[in-house]
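**Q** For reference, the structure I am asking about is given below.
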Amino acid sequence: MRMYLIWISFLLLLTAFPVSAQNSYPLLLSGGERASWNFTLERGQMMITGICLTRQTEDGVKGAVVNEFGIHYFDFVCHNNKVKVNNVFPHMNKWYIRRVLRNDLRLLTANSALKPGRRLLKACQPDSLSLQNIKYGITYRFERLQ
Amino acid sequence: MRKLLAYIFLWLPATQTITLAQNAVSKSEQERIISEISTSAHSIRTLQCKFEQTKELSIMDDKMVSKGTMAFARPGNLSWHYTSPYDYNFIIANDKVHIGKGKSHKSIDLKSSQTFQGIAKMIAGSVTGKCLTQTKDFDVKIRANERVYVAHLTPKDKHFKKMFTTIRLTYNRANRTMDSVEMTEANGDVTSIVFKEIKQNQPLGENVFNLD
């Protein structure tokens with residue numbers, strides 16, 4: 001009986017302080033209301049660089065990625081933990097690319113769990129972060145512009 | 001609703017001003033103007049200037065302003081260097097494209113990349129006025145007033161069209177150099193580049209077209 005009560009107390013203690021199964025990675029939100037980032041996307045030999053501008057909204061974040069000449073790569077909106085990718089550069093505008101971008105950006109802009117083996121968040125600092133999509137070999141890097 | 005009213009009250013008068021300020025020219029006058037710009041551009045051996053680039057981002061309700069310097073040397077060497085708010089170099093020299101961002105550098109053979117060939121052709125063509133005569137690549141319409149010539153270029157190439165619906169080049173009538181470039185994307189966003197402190201035919205530094 002005593003052991004039973006101890007177990008019950010232990011279980012109650014655990015539920016009082018739930019261990020979240022999710023990791024919160026609203027990292028782009030750490031930029032504050034508005035932020036500008038040096039952006040790099042690499043996949044194998046291919047690399048694109050540009051600038052990412054983010055802006056906090058009431059219930060999420062929105063952003064745009066352009067290259068240094070101002071040519072638009074894509075923009076995104078995270079709203080209620082759902083991400084939409086819009087206005088994608090014509091050469092990148094394929095459904096499978098948009099899907100990968102959407103899922104990867106969700107990890108950076110929303111509360112979402114990292115699935116083991118699929119993605120790896122590296123170098124997570126307020127002013128720089130790096131996300132690797134292991135499955136497709138894509139690395140995203142963001143460095144805060146001063 | 002408020003935004004719509006703001007657009008009506010601010011945008012309509014602005015467009016009317018633009019329409020009144022520059023008048024369409026006849027075909028013969030257009031050919032004369034293009035010839036005038038090309039002849040003047042032909043005399044440019046080197047060009048240096050500062051530029052300010054403003055990118056409107058409709059989704060952000062915001063603008064991104066970048067500054068830098070540009071240098072050009074005939075026949076086609078170009079240095080485009082962003083200094084603020086990011087450090088980025090784009091150099092075309094000796095049939096190679098050199099890109100430098102921060103500590104990373106990359107060199108690409110111009111002949112192996114159609115994209116960069118297109119960019120090089122576009123920039124060099126704008127500076128030298130050659131793009132005004134490339135009628136197989138662009139539909140060209142010229143407007144003029146007392147101070148400027150404005151060339152409206154509509155791309156014909158379907159790939160280029162997906163990126164830009166119109167490119168507007170403004171040439172100063174007094175010295176026939178390019179004052180500004182404005183590129184309108186398919187989604188309506190506009191990138192405009194204004195050139196300042198333009199120096200023609202001045203000696204360029206030795207390392208202008210090197211990344212080092």
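Residues in the structure tokens are named by chain (A, B, ... in the order shown) and by number from 1 within that chain; ligands are numbered from 1 in the order shown.
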Within 12 Å of chain B, which residues of chain A show up when using only C-alpha atoms, listed as a ChimeraX atom specification?

**A** /A:33-40,45-57,61-77,85-93,143-146

**Q** Keeping N, CA and C atoms, export the residues of the selection given above as a short mmCIF file (atom, residue, chain, number, x, y, z; two decimals), in the first residue's frame.

**A**
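Heads up, here's the output in result.cif:
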```cif
data_model
loop_
_atom_site.label_atom_id
_atom_site.label_comp_id
_atom_site.auth_asym_id
_atom_site.auth_seq_id
_atom_site.Cartn_x
_atom_site.Cartn_y
_atom_site.Cartn_z
N GLU A 33 10.93 42.38 -33.38
CA GLU A 33 9.85 42.73 -34.29
C GLU A 33 10.30 42.64 -35.76
N ARG A 34 11.46 43.22 -36.04
CA ARG A 34 12.00 43.12 -37.39
C ARG A 34 13.45 42.72 -37.31
N ALA A 35 13.89 41.95 -38.28
CA ALA A 35 15.30 41.58 -38.30
C ALA A 35 15.73 41.32 -39.72
N SER A 36 17.04 41.52 -39.95
CA SER A 36 17.62 41.21 -41.26
C SER A 36 18.74 40.21 -41.06
N TRP A 37 18.81 39.26 -41.96
CA TRP A 37 19.77 38.18 -41.81
C TRP A 37 20.51 37.95 -43.12
N ASN A 38 21.80 37.64 -43.03
CA ASN A 38 22.53 37.10 -44.18
C ASN A 38 22.06 35.66 -44.33
N PHE A 39 21.66 35.28 -45.52
CA PHE A 39 21.06 33.98 -45.74
C PHE A 39 21.88 33.18 -46.74
N THR A 40 22.09 31.91 -46.42
CA THR A 40 22.76 31.01 -47.35
C THR A 40 22.01 29.70 -47.39
N GLN A 45 26.93 21.10 -54.54
CA GLN A 45 27.74 22.16 -55.14
C GLN A 45 26.95 23.46 -55.29
N MET A 46 25.66 23.36 -55.16
CA MET A 46 24.80 24.53 -55.40
C MET A 46 24.69 25.37 -54.14
N MET A 47 24.80 26.67 -54.32
CA MET A 47 24.65 27.56 -53.16
C MET A 47 23.96 28.83 -53.63
N ILE A 48 22.99 29.27 -52.85
CA ILE A 48 22.44 30.59 -53.11
C ILE A 48 22.61 31.43 -51.86
N THR A 49 22.91 32.70 -52.07
CA THR A 49 23.06 33.61 -50.93
C THR A 49 22.07 34.75 -51.10
N GLY A 50 21.79 35.40 -50.01
CA GLY A 50 20.87 36.52 -50.09
C GLY A 50 20.64 37.12 -48.72
N ILE A 51 19.55 37.83 -48.64
CA ILE A 51 19.18 38.49 -47.40
C ILE A 51 17.77 38.02 -47.02
N CYS A 52 17.60 37.71 -45.77
CA CYS A 52 16.28 37.31 -45.28
C CYS A 52 15.78 38.40 -44.33
N LEU A 53 14.61 38.90 -44.61
CA LEU A 53 14.01 39.89 -43.71
C LEU A 53 12.84 39.24 -43.01
N THR A 54 12.78 39.38 -41.71
CA THR A 54 11.69 38.78 -40.95
C THR A 54 10.97 39.85 -40.15
N ARG A 55 9.71 39.56 -39.90
CA ARG A 55 8.92 40.51 -39.13
C ARG A 55 7.91 39.73 -38.31
N GLN A 56 7.90 40.06 -37.03
CA GLN A 56 6.96 39.37 -36.15
C GLN A 56 5.55 39.90 -36.41
N THR A 57 4.59 38.99 -36.39
CA THR A 57 3.20 39.41 -36.51
C THR A 57 2.51 39.05 -35.20
N VAL A 61 5.14 34.85 -37.68
CA VAL A 61 6.22 35.64 -38.29
C VAL A 61 6.07 35.57 -39.80
N LYS A 62 6.46 36.63 -40.47
CA LYS A 62 6.51 36.57 -41.93
C LYS A 62 7.87 37.03 -42.39
N GLY A 63 8.23 36.62 -43.58
CA GLY A 63 9.57 36.97 -44.05
C GLY A 63 9.68 36.88 -45.55
N ALA A 64 10.78 37.43 -46.03
CA ALA A 64 11.07 37.39 -47.46
C ALA A 64 12.56 37.14 -47.63
N VAL A 65 12.89 36.33 -48.61
CA VAL A 65 14.30 36.08 -48.92
C VAL A 65 14.56 36.59 -50.33
N VAL A 66 15.51 37.51 -50.43
CA VAL A 66 15.87 38.09 -51.73
C VAL A 66 17.38 37.93 -51.90
N ASN A 67 17.84 37.98 -53.14
CA ASN A 67 19.29 37.94 -53.29
C ASN A 67 19.83 39.35 -53.16
N GLU A 68 21.15 39.48 -53.18
CA GLU A 68 21.76 40.78 -52.89
C GLU A 68 21.36 41.84 -53.90
N PHE A 69 21.00 41.41 -55.12
CA PHE A 69 20.57 42.37 -56.14
C PHE A 69 19.10 42.73 -55.99
N GLY A 70 18.45 42.11 -55.01
CA GLY A 70 17.03 42.40 -54.79
C GLY A 70 16.10 41.45 -55.50
N ILE A 71 16.64 40.45 -56.18
CA ILE A 71 15.77 39.49 -56.87
C ILE A 71 15.15 38.56 -55.83
N HIS A 72 13.85 38.43 -55.93
CA HIS A 72 13.06 37.70 -54.95
C HIS A 72 13.25 36.20 -55.08
N TYR A 73 13.63 35.53 -53.98
CA TYR A 73 13.67 34.06 -54.00
C TYR A 73 12.32 33.49 -53.58
N PHE A 74 11.87 33.88 -52.41
CA PHE A 74 10.56 33.46 -51.93
C PHE A 74 10.18 34.27 -50.71
N ASP A 75 8.91 34.26 -50.38
CA ASP A 75 8.51 34.80 -49.09
C ASP A 75 7.69 33.76 -48.34
N PHE A 76 7.54 33.96 -47.04
CA PHE A 76 6.86 32.95 -46.23
C PHE A 76 6.08 33.63 -45.11
N VAL A 77 5.03 32.94 -44.72
CA VAL A 77 4.22 33.41 -43.60
C VAL A 77 3.99 32.23 -42.67
N VAL A 85 4.59 29.15 -48.19
CA VAL A 85 5.69 29.70 -48.99
C VAL A 85 5.08 30.24 -50.28
N ASN A 86 5.35 31.51 -50.59
CA ASN A 86 4.72 32.15 -51.76
C ASN A 86 5.75 32.86 -52.63
N ASN A 87 5.29 33.27 -53.78
CA ASN A 87 6.10 34.08 -54.69
C ASN A 87 7.51 33.51 -54.87
N VAL A 88 7.56 32.26 -55.22
CA VAL A 88 8.85 31.58 -55.33
C VAL A 88 9.49 31.91 -56.67
N PHE A 89 10.79 32.13 -56.65
CA PHE A 89 11.58 32.40 -57.86
C PHE A 89 11.25 31.33 -58.91
N PRO A 90 10.99 31.73 -60.15
CA PRO A 90 10.51 30.78 -61.15
C PRO A 90 11.31 29.47 -61.24
N HIS A 91 12.65 29.57 -61.18
CA HIS A 91 13.44 28.34 -61.32
C HIS A 91 13.29 27.42 -60.12
N MET A 92 12.83 27.96 -59.00
CA MET A 92 12.66 27.15 -57.79
C MET A 92 11.20 26.78 -57.56
N ASN A 93 10.34 27.25 -58.39
CA ASN A 93 8.91 27.13 -58.14
C ASN A 93 8.37 25.76 -58.56
N GLU A 143 22.63 34.63 -40.50
CA GLU A 143 23.49 35.42 -39.61
C GLU A 143 22.91 36.82 -39.54
N ARG A 144 22.70 37.24 -38.33
CA ARG A 144 22.04 38.53 -38.14
C ARG A 144 22.87 39.68 -38.71
N LEU A 145 22.22 40.54 -39.46
CA LEU A 145 22.90 41.72 -39.99
C LEU A 145 22.84 42.82 -38.95
N GLN A 146 23.96 43.46 -38.70
CA GLN A 146 23.99 44.52 -37.70
C GLN A 146 23.53 45.84 -38.30
#
```

**Q** Per DSSP on the backbone, filter chain B down to the residues in strand (DSSP E or B) and report them as a PyMOL selection string.

**A** chain B and resi 23-24+46-57+62-73+77-84+88-93+96-101+104-109+138-144+148-155+164-172+178-185+190-200

**Q** Do a neighbour search on Ala151 (chain B) at 6 Å with only C-alpha atoms, toss out local chain neighbours closer than 4 positions, and write the hits as a list in words.

**A** Lys141, Ile142, Arg168 and Leu169 of chain B

**Q** Could those residues be written to a file, using all heavy atoms, as a short mmCIF file (atom, residue, chain, number, x, y, z; two decimals), in the first residue's frame?

**A**
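The resulting again.cif:
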```cif
data_model
loop_
_atom_site.label_atom_id
_atom_site.label_comp_id
_atom_site.auth_asym_id
_atom_site.auth_seq_id
_atom_site.Cartn_x
_atom_site.Cartn_y
_atom_site.Cartn_z
N LYS B 141 10.36 51.26 -75.46
CA LYS B 141 9.55 52.47 -75.68
C LYS B 141 10.24 53.60 -74.93
O LYS B 141 10.56 53.47 -73.75
CB LYS B 141 8.13 52.28 -75.16
CG LYS B 141 7.27 51.41 -76.06
CD LYS B 141 5.79 51.56 -75.77
CE LYS B 141 4.92 50.87 -76.81
NZ LYS B 141 5.25 49.46 -77.07
N ILE B 142 10.40 54.73 -75.62
CA ILE B 142 11.11 55.86 -75.00
C ILE B 142 10.10 56.96 -74.66
O ILE B 142 9.21 57.26 -75.47
CB ILE B 142 12.18 56.43 -75.96
CG1 ILE B 142 13.15 55.34 -76.38
CG2 ILE B 142 12.89 57.63 -75.33
CD1 ILE B 142 14.31 55.09 -75.46
N ARG B 168 12.95 49.85 -66.32
CA ARG B 168 12.90 51.26 -66.71
C ARG B 168 14.27 51.89 -66.50
O ARG B 168 14.79 51.88 -65.39
CB ARG B 168 11.85 51.95 -65.85
CG ARG B 168 11.37 53.26 -66.39
CD ARG B 168 10.18 53.73 -65.63
NE ARG B 168 10.57 54.58 -64.53
CZ ARG B 168 9.78 55.48 -63.97
NH1 ARG B 168 8.56 55.60 -64.37
NH2 ARG B 168 10.20 56.21 -62.97
N LEU B 169 14.85 52.40 -67.58
CA LEU B 169 16.16 53.06 -67.49
C LEU B 169 15.96 54.55 -67.69
O LEU B 169 15.32 54.97 -68.66
CB LEU B 169 17.11 52.53 -68.59
CG LEU B 169 17.25 51.01 -68.71
CD1 LEU B 169 18.14 50.66 -69.90
CD2 LEU B 169 17.85 50.43 -67.45
#
```

**Q** Name all residues at most 9 Å from Arg45 (chain B) (count only C-alpha atoms; drop same-chain ones fewer than 3 positions away) and give them as a ChimeraX atom specification.

**A** /B:41-42,72-75,200-202

**Q** Would you output that residue set with N, CA, C and O atoms, as a PDB file, in the first residue's frame?

**A**
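This went into part_19.pdb:
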```pdb
ATOM      1  N   ALA B  41      27.335  56.802 -75.071  1.00  0.00           N
ATOM      2  CA  ALA B  41      27.824  55.680 -74.259  1.00  0.00           C
ATOM      3  C   ALA B  41      29.103  55.100 -74.851  1.00  0.00           C
ATOM      4  O   ALA B  41      29.962  54.582 -74.132  1.00  0.00           O
ATOM      5  N   HIS B  42      29.200  55.216 -76.183  1.00  0.00           N
ATOM      6  CA  HIS B  42      30.385  54.663 -76.859  1.00  0.00           C
ATOM      7  C   HIS B  42      31.660  55.385 -76.430  1.00  0.00           C
ATOM      8  O   HIS B  42      32.765  54.831 -76.488  1.00  0.00           O
ATOM      9  N   PHE B  72      32.943  50.325 -64.041  1.00  0.00           N
ATOM     10  CA  PHE B  72      32.814  49.666 -65.348  1.00  0.00           C
ATOM     11  C   PHE B  72      33.988  50.094 -66.209  1.00  0.00           C
ATOM     12  O   PHE B  72      34.406  51.251 -66.203  1.00  0.00           O
ATOM     13  N   ALA B  73      34.538  49.120 -66.947  1.00  0.00           N
ATOM     14  CA  ALA B  73      35.600  49.434 -67.907  1.00  0.00           C
ATOM     15  C   ALA B  73      35.302  48.673 -69.194  1.00  0.00           C
ATOM     16  O   ALA B  73      35.048  47.471 -69.165  1.00  0.00           O
ATOM     17  N   ARG B  74      35.308  49.392 -70.273  1.00  0.00           N
ATOM     18  CA  ARG B  74      35.054  48.767 -71.579  1.00  0.00           C
ATOM     19  C   ARG B  74      36.116  47.702 -71.856  1.00  0.00           C
ATOM     20  O   ARG B  74      37.269  47.865 -71.485  1.00  0.00           O
ATOM     21  N   PRO B  75      35.807  46.548 -72.479  1.00  0.00           N
ATOM     22  CA  PRO B  75      34.538  46.286 -73.144  1.00  0.00           C
ATOM     23  C   PRO B  75      33.440  45.728 -72.220  1.00  0.00           C
ATOM     24  O   PRO B  75      32.266  45.848 -72.527  1.00  0.00           O
ATOM     25  N   GLN B 200      33.161  59.749 -65.200  1.00  0.00           N
ATOM     26  CA  GLN B 200      33.406  59.074 -66.473  1.00  0.00           C
ATOM     27  C   GLN B 200      34.868  59.219 -66.876  1.00  0.00           C
ATOM     28  O   GLN B 200      35.463  60.279 -66.697  1.00  0.00           O
ATOM     29  N   ASN B 201      35.392  58.155 -67.444  1.00  0.00           N
ATOM     30  CA  ASN B 201      36.739  58.155 -68.037  1.00  0.00           C
ATOM     31  C   ASN B 201      37.829  58.611 -67.076  1.00  0.00           C
ATOM     32  O   ASN B 201      38.810  59.246 -67.484  1.00  0.00           O
ATOM     33  N   GLN B 202      37.648  58.305 -65.806  1.00  0.00           N
ATOM     34  CA  GLN B 202      38.699  58.552 -64.804  1.00  0.00           C
ATOM     35  C   GLN B 202      39.478  57.249 -64.626  1.00  0.00           C
ATOM     36  O   GLN B 202      38.921  56.171 -64.791  1.00  0.00           O
TER      37      GLN B 202
END
```

**Q** Which polymer residues have any atom within 8 Å of an atom of Thr170 (chain B), counting only C-alpha atoms, with same-chain residues fewer than 4 positions away left out, as JSON, numbers by chain?

**A** {"B": [148, 149, 150, 151, 178, 179, 180, 181]}

**Q** Mind writing the picked residues with all heavy atoms as a PDB file, in the first residue's frame?

**A**
```pdb
ATOM      1  N   VAL B 148      15.083  64.330 -68.728  1.00  0.00           N
ATOM      2  CA  VAL B 148      15.495  62.922 -68.832  1.00  0.00           C
ATOM      3  C   VAL B 148      14.873  62.230 -70.036  1.00  0.00           C
ATOM      4  O   VAL B 148      13.839  62.644 -70.571  1.00  0.00           O
ATOM      5  CB  VAL B 148      15.098  62.109 -67.562  1.00  0.00           C
ATOM      6  CG1 VAL B 148      15.853  62.605 -66.340  1.00  0.00           C
ATOM      7  CG2 VAL B 148      13.612  62.117 -67.326  1.00  0.00           C
ATOM      8  N   TYR B 149      15.552  61.155 -70.446  1.00  0.00           N
ATOM      9  CA  TYR B 149      14.956  60.168 -71.344  1.00  0.00           C
ATOM     10  C   TYR B 149      14.655  58.947 -70.483  1.00  0.00           C
ATOM     11  O   TYR B 149      15.506  58.526 -69.709  1.00  0.00           O
ATOM     12  CB  TYR B 149      15.946  59.725 -72.433  1.00  0.00           C
ATOM     13  CG  TYR B 149      16.351  60.792 -73.420  1.00  0.00           C
ATOM     14  CD1 TYR B 149      17.701  60.991 -73.748  1.00  0.00           C
ATOM     15  CD2 TYR B 149      15.405  61.594 -74.062  1.00  0.00           C
ATOM     16  CE1 TYR B 149      18.083  61.944 -74.670  1.00  0.00           C
ATOM     17  CE2 TYR B 149      15.786  62.566 -74.976  1.00  0.00           C
ATOM     18  CZ  TYR B 149      17.126  62.733 -75.271  1.00  0.00           C
ATOM     19  OH  TYR B 149      17.520  63.687 -76.183  1.00  0.00           O
ATOM     20  N   VAL B 150      13.466  58.370 -70.671  1.00  0.00           N
ATOM     21  CA  VAL B 150      13.140  57.163 -69.914  1.00  0.00           C
ATOM     22  C   VAL B 150      12.842  56.046 -70.902  1.00  0.00           C
ATOM     23  O   VAL B 150      11.957  56.174 -71.744  1.00  0.00           O
ATOM     24  CB  VAL B 150      11.919  57.384 -68.988  1.00  0.00           C
ATOM     25  CG1 VAL B 150      11.594  56.101 -68.228  1.00  0.00           C
ATOM     26  CG2 VAL B 150      12.188  58.518 -68.017  1.00  0.00           C
ATOM     27  N   ALA B 151      13.606  54.978 -70.808  1.00  0.00           N
ATOM     28  CA  ALA B 151      13.392  53.835 -71.694  1.00  0.00           C
ATOM     29  C   ALA B 151      12.663  52.740 -70.924  1.00  0.00           C
ATOM     30  O   ALA B 151      13.135  52.309 -69.870  1.00  0.00           O
ATOM     31  CB  ALA B 151      14.734  53.317 -72.204  1.00  0.00           C
ATOM     32  N   MET B 178      23.346  57.201 -67.253  1.00  0.00           N
ATOM     33  CA  MET B 178      22.166  56.601 -66.658  1.00  0.00           C
ATOM     34  C   MET B 178      21.980  57.115 -65.226  1.00  0.00           C
ATOM     35  O   MET B 178      22.897  57.005 -64.406  1.00  0.00           O
ATOM     36  CB  MET B 178      22.305  55.085 -66.657  1.00  0.00           C
ATOM     37  CG  MET B 178      20.972  54.382 -66.478  1.00  0.00           C
ATOM     38  SD  MET B 178      20.978  52.676 -67.037  1.00  0.00           S
ATOM     39  CE  MET B 178      22.352  52.024 -66.176  1.00  0.00           C
ATOM     40  N   ASP B 179      20.817  57.679 -64.940  1.00  0.00           N
ATOM     41  CA  ASP B 179      20.521  58.166 -63.592  1.00  0.00           C
ATOM     42  C   ASP B 179      20.032  57.049 -62.694  1.00  0.00           C
ATOM     43  O   ASP B 179      20.356  56.993 -61.512  1.00  0.00           O
ATOM     44  CB  ASP B 179      19.403  59.227 -63.650  1.00  0.00           C
ATOM     45  CG  ASP B 179      19.949  60.623 -63.880  1.00  0.00           C
ATOM     46  OD1 ASP B 179      21.187  60.794 -63.921  1.00  0.00           O
ATOM     47  OD2 ASP B 179      19.134  61.553 -64.021  1.00  0.00           O
ATOM     48  N   SER B 180      19.172  56.190 -63.273  1.00  0.00           N
ATOM     49  CA  SER B 180      18.580  55.150 -62.419  1.00  0.00           C
ATOM     50  C   SER B 180      18.060  53.996 -63.258  1.00  0.00           C
ATOM     51  O   SER B 180      17.843  54.115 -64.469  1.00  0.00           O
ATOM     52  CB  SER B 180      17.431  55.735 -61.588  1.00  0.00           C
ATOM     53  OG  SER B 180      16.385  56.144 -62.428  1.00  0.00           O
ATOM     54  N   VAL B 181      17.876  52.869 -62.550  1.00  0.00           N
ATOM     55  CA  VAL B 181      17.281  51.674 -63.146  1.00  0.00           C
ATOM     56  C   VAL B 181      16.152  51.249 -62.234  1.00  0.00           C
ATOM     57  O   VAL B 181      16.318  51.253 -61.003  1.00  0.00           O
ATOM     58  CB  VAL B 181      18.296  50.507 -63.221  1.00  0.00           C
ATOM     59  CG1 VAL B 181      17.630  49.244 -63.758  1.00  0.00           C
ATOM     60  CG2 VAL B 181      19.488  50.873 -64.068  1.00  0.00           C
TER      61      VAL B 181
END
```

**Q** Can you work out the spacing between CA of Met70 (chain B) and CA of Phe51 (chain B) in Å, to one decimal?

**A**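 We find that CA of Met70 (chain B) and CA of Phe51 (chain B) lie 7.1 Å from each other.
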
**Q** For Val127 (chain B), which residue among B:Gln114, B:Asn207, B:Ser38, B:Ser28 is the nearest when counting only C-alpha atoms?

**A**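 Using only C-alpha atoms, Val127 (chain B) sits closest to B:Ser38.
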